[in-house]
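Engineer: Hey, dropping protein.cif in here, mmCIF, C-alpha atoms:
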```
data_work
#
loop_
_atom_site.label_atom_id
_atom_site.label_comp_id
_atom_site.auth_asym_id
_atom_site.auth_seq_id
_atom_site.Cartn_x
_atom_site.Cartn_y
_atom_site.Cartn_z
CA MET A 1 -2.71 16.62 -20.93
CA PHE A 2 -1.29 19.67 -19.20
CA ASN A 3 2.05 19.85 -20.99
CA ASP A 4 1.60 23.43 -22.11
CA ILE A 5 0.83 24.92 -18.67
CA GLY A 6 3.74 26.90 -17.24
CA ALA A 7 4.70 27.47 -13.62
CA LEU A 8 3.18 30.95 -13.47
CA GLU A 9 -0.13 29.68 -14.88
CA LEU A 10 -0.18 26.83 -12.36
CA VAL A 11 0.45 29.21 -9.46
CA THR A 12 -2.35 31.48 -10.75
CA ILE A 13 -4.78 28.55 -10.88
CA VAL A 14 -3.87 27.48 -7.32
CA VAL A 15 -4.30 31.03 -5.99
CA LEU A 16 -7.67 31.39 -7.74
CA ALA A 17 -8.81 28.01 -6.40
CA ILE A 18 -7.89 29.03 -2.87
CA LEU A 19 -9.70 32.35 -3.26
CA ILE A 20 -12.81 30.78 -4.78
CA PHE A 21 -13.22 27.65 -2.63
CA GLY A 22 -11.27 28.66 0.46
CA PRO A 23 -8.60 26.65 2.21
CA ASP A 24 -11.18 24.55 4.08
CA LYS A 25 -13.12 23.23 1.06
CA LEU A 26 -10.18 23.00 -1.38
CA PRO A 27 -9.02 19.44 -0.44
CA LYS A 28 -12.58 18.12 -0.83
CA VAL A 29 -12.96 19.84 -4.25
CA ILE A 30 -9.63 18.38 -5.42
CA GLN A 31 -10.76 14.87 -4.35
CA ASP A 32 -14.09 15.29 -6.13
CA VAL A 33 -12.48 16.54 -9.34
CA SER A 34 -9.89 13.74 -9.37
CA GLY A 35 -12.66 11.17 -8.76
CA VAL A 36 -14.66 12.52 -11.71
CA ILE A 37 -11.56 12.38 -13.93
CA ARG A 38 -10.94 8.74 -12.87
CA LYS A 39 -14.55 7.82 -13.68
CA ILE A 40 -14.36 9.49 -17.10
CA ARG A 41 -11.13 7.62 -17.89
CA ALA A 42 -12.63 4.30 -16.77
CA PHE A 43 -15.74 4.94 -18.87
CA SER A 44 -13.60 5.83 -21.87
CA ASP A 45 -11.45 2.70 -21.50
CA SER A 46 -14.49 0.45 -21.20
CA ALA A 47 -16.09 2.07 -24.26
CA LYS A 48 -12.87 1.47 -26.24
CA GLN A 49 -12.80 -2.18 -25.17
CA ASP A 50 -16.46 -2.60 -26.16
CA ILE A 51 -15.84 -1.11 -29.59
CA ARG A 52 -12.77 -3.33 -30.12
CA SER A 53 -14.71 -6.44 -29.12
CA GLU A 54 -17.59 -5.50 -31.45
CA LEU A 55 -15.29 -4.89 -34.40
CA GLY A 56 -13.93 -8.41 -34.25
CA PRO A 57 -10.50 -10.02 -34.37
CA GLU A 58 -9.43 -8.37 -37.65
CA PHE A 59 -9.37 -5.00 -35.86
CA LYS A 60 -7.56 -6.16 -32.72
CA ASP A 61 -4.62 -3.81 -33.37
CA PHE A 62 -6.93 -0.84 -34.07
CA GLU A 63 -5.89 2.30 -32.20
CA PHE A 64 -8.25 5.21 -31.65
CA GLU A 65 -5.34 7.64 -31.91
CA ASP A 66 -5.15 6.68 -35.62
CA LEU A 67 -8.50 8.43 -36.14
CA ASN A 68 -6.78 11.76 -35.55
CA PRO A 69 -6.26 13.19 -39.08
CA LYS A 70 -2.61 14.05 -38.41
CA ASN A 71 -1.82 10.54 -37.21
CA PHE A 72 -3.84 8.94 -40.00
CA ILE A 73 -2.05 10.86 -42.74
CA ARG A 74 1.36 10.29 -41.14
CA LYS A 75 0.69 6.56 -40.87
CA GLN A 76 -0.52 6.32 -44.47
CA LEU A 77 2.50 8.21 -45.78
CA THR A 78 5.02 6.11 -43.86
CA GLU A 79 3.45 2.67 -44.36
CA ASN A 80 2.28 2.88 -47.98
CA GLU A 81 4.72 0.88 -50.15
CA ASP A 82 3.82 2.76 -53.36
CA LEU A 83 4.66 6.10 -51.75
CA LYS A 84 7.96 4.71 -50.45
CA GLU A 85 8.84 3.63 -53.98
CA ILE A 86 7.93 7.02 -55.42
CA ARG A 87 9.84 8.83 -52.69
CA SER A 88 12.95 6.71 -53.30
CA SER A 89 12.80 7.25 -57.07
CA PHE A 90 12.49 11.04 -56.74
CA ASP A 91 15.84 12.68 -56.08
CA LEU A 92 15.45 16.42 -55.59
CA ARG A 93 19.20 17.08 -55.50
CA LYS A 94 19.67 15.39 -58.88
CA GLU A 95 16.85 17.45 -60.36
CA LEU A 96 18.29 20.68 -58.96
CA ASN A 97 21.77 19.80 -60.26
CA GLU A 98 20.35 19.20 -63.74
CA VAL A 99 18.58 22.56 -63.72
CA THR A 100 21.73 24.29 -62.44
CA ASP A 101 23.81 22.65 -65.16
CA ALA A 102 21.30 23.74 -67.78
CA VAL A 103 21.37 27.32 -66.53
CA ASN A 104 25.17 27.38 -66.41
CA GLY A 105 25.39 26.07 -69.96
CA LYS A 106 26.55 22.57 -69.14
CA GLU A 107 24.74 19.67 -70.69
CA SER A 108 23.43 17.36 -67.98
CA ASP A 109 24.32 13.70 -67.71
CA ALA A 110 20.68 12.73 -68.08
CA ALA A 111 20.40 14.58 -71.40
CA GLU A 112 23.61 12.95 -72.65
CA ALA A 113 22.37 9.54 -71.58
CA ALA A 114 19.08 10.10 -73.38
CA GLY A 115 20.94 11.33 -76.45
CA GLY A 116 18.87 14.48 -76.56
CA THR A 117 19.49 18.12 -76.08
CA LEU A 118 17.67 20.76 -74.22
CA PRO A 119 14.72 22.27 -76.04
CA GLY A 120 15.71 25.29 -78.08
CA ALA A 121 19.42 24.61 -77.75
CA THR A 122 21.79 23.77 -80.52
CA PRO A 123 23.92 20.66 -79.97
CA GLY A 124 27.25 21.50 -78.41
CA ALA A 125 26.19 25.02 -77.43
CA GLY A 126 24.62 26.24 -74.23
CA PRO A 127 20.98 27.23 -74.09
CA ASP A 128 20.03 30.68 -75.33
CA MET A 129 19.36 32.55 -72.12
CA VAL A 130 18.47 35.86 -73.79
CA LYS A 131 14.78 36.11 -74.50
CA LYS A 132 14.16 38.15 -77.59
CA PRO A 133 10.56 39.04 -78.19
CA ALA A 134 9.47 38.03 -81.65
CA THR A 135 8.20 41.23 -83.27
CA PRO A 136 6.05 40.57 -86.28
CA ALA A 137 6.45 42.73 -89.33
CA GLN A 138 4.30 45.86 -89.56
CA GLU A 139 1.89 44.32 -92.04
CA GLN A 140 1.28 41.33 -89.74
CA ARG A 141 0.49 43.36 -86.64
CA SER A 142 -3.12 43.55 -85.72
CA ARG A 143 -4.58 46.89 -84.81
CA TYR A 144 -5.24 47.59 -81.19
CA ASP A 145 -8.45 49.36 -80.39
CA ALA A 146 -8.53 50.60 -76.80
CA ASP A 147 -12.25 51.34 -76.98
CA ALA A 148 -13.08 47.81 -78.08
CA THR A 149 -11.53 46.15 -75.03
#
```
Show the structure stored in the file as structure tokens.
Structural biologist:
Amino acid sequence: MFNDIGALELVTIVVLAILIFGPDKLPKVIQDVSGVIRKIRAFSDSAKQDIRSELGPEFKDFEFEDLNPKNFIRKQLTENEDLKEIRSSFDLRKELNEVTDAVNGKESDAAEAAGGTLPGATPGAGPDMVKKPATPAQEQRSRYDADAT
């Protein structure tokens, strides 16, 4: 609960508590606050037990921490069998190696296995890495009217 409070912050809180409540009333205030925290925890635990008993036996392993969106998404991603299958079939390194081979002019193993070539490449030659803009002949060019746009 208080994992992110440092030593300096804790000392500051203690000094402020002593200044506000005084050294005489401080032990009584600490007892009262700790009693309230215990009652809130007991109330929360009993409410959780009531909800679990009302949900029935099919929800006996239900955890309220799973309602946190982070925990819910993490649990769904790790326990879903379809996602595990998709994750195991997707190999990012293989994909990157294929792209690197294509850029370097090597034909990838996957393309050889499929019997195909890369689009726009001639068989046996590397892909054409120079992009040449196709300029239509003068008679095919449309006129550009700056006022019309």
Engineer: As an exercise, work out the distance from atom CA of Ala17 of chain A to atom CA of Arg38 of chain A in Å and give it to one decimal place.
Structural biologist: 20.4 Å
Engineer: Between atom CA of Arg52 of chain A and atom CA of Arg74 of chain A, what distance in Å does the model show, to one decimal?
Structural biologist: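 About the pair atom CA of Arg52 of chain A and atom CA of Arg74 of chain A: they are 22.5 Å apart.
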Engineer: Just how far from atom CA of Asn68 of chain A is atom CA of Ile40 of chain A, in Å to one decimal?
Structural biologist: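 Separation between atom CA of Ile40 of chain A and atom CA of Asn68 of chain A: 20.1 Å.
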Engineer: Have segment 15-33 of chain A completed to N, CA and C atoms, please, and pass it along as a compact mmCIF listing (two decimals), keeping the file's coordinate frame.
Structural biologist:
```
# COMPACT_ATOMS: atom_id res chain seq x y z
N VAL A 15 -3.86 29.85 -6.76
CA VAL A 15 -4.30 31.03 -5.99
C VAL A 15 -5.79 31.30 -6.22
N LEU A 16 -6.24 31.20 -7.47
CA LEU A 16 -7.67 31.39 -7.74
C LEU A 16 -8.52 30.32 -7.06
N ALA A 17 -8.05 29.08 -7.06
CA ALA A 17 -8.81 28.01 -6.40
C ALA A 17 -8.91 28.27 -4.91
N ILE A 18 -7.84 28.73 -4.30
CA ILE A 18 -7.89 29.03 -2.87
C ILE A 18 -8.84 30.19 -2.59
N LEU A 19 -8.81 31.22 -3.46
CA LEU A 19 -9.70 32.35 -3.26
C LEU A 19 -11.16 31.99 -3.48
N ILE A 20 -11.43 31.12 -4.47
CA ILE A 20 -12.81 30.78 -4.78
C ILE A 20 -13.39 29.80 -3.77
N PHE A 21 -12.67 28.70 -3.49
CA PHE A 21 -13.22 27.65 -2.63
C PHE A 21 -12.81 27.79 -1.18
N GLY A 22 -11.75 28.51 -0.91
CA GLY A 22 -11.27 28.66 0.46
C GLY A 22 -10.38 27.50 0.85
N PRO A 23 -9.53 27.71 1.82
CA PRO A 23 -8.60 26.65 2.21
C PRO A 23 -9.29 25.45 2.88
N ASP A 24 -10.49 25.65 3.41
CA ASP A 24 -11.18 24.55 4.08
C ASP A 24 -11.80 23.57 3.09
N LYS A 25 -12.42 24.08 2.02
CA LYS A 25 -13.12 23.23 1.06
C LYS A 25 -12.22 22.74 -0.08
N LEU A 26 -11.05 23.32 -0.24
CA LEU A 26 -10.18 23.00 -1.38
C LEU A 26 -9.78 21.52 -1.44
N PRO A 27 -9.37 20.87 -0.34
CA PRO A 27 -9.02 19.44 -0.44
C PRO A 27 -10.20 18.57 -0.90
N LYS A 28 -11.39 18.88 -0.43
CA LYS A 28 -12.58 18.12 -0.83
C LYS A 28 -12.87 18.33 -2.32
N VAL A 29 -12.73 19.55 -2.83
CA VAL A 29 -12.96 19.84 -4.25
C VAL A 29 -11.93 19.10 -5.10
N ILE A 30 -10.67 19.09 -4.67
CA ILE A 30 -9.63 18.38 -5.42
C ILE A 30 -9.95 16.89 -5.47
N GLN A 31 -10.39 16.30 -4.38
CA GLN A 31 -10.76 14.87 -4.35
C GLN A 31 -11.93 14.60 -5.29
N ASP A 32 -12.92 15.48 -5.26
CA ASP A 32 -14.09 15.29 -6.13
C ASP A 32 -13.71 15.37 -7.62
N VAL A 33 -12.89 16.37 -7.95
CA VAL A 33 -12.48 16.54 -9.34
C VAL A 33 -11.64 15.34 -9.80
```
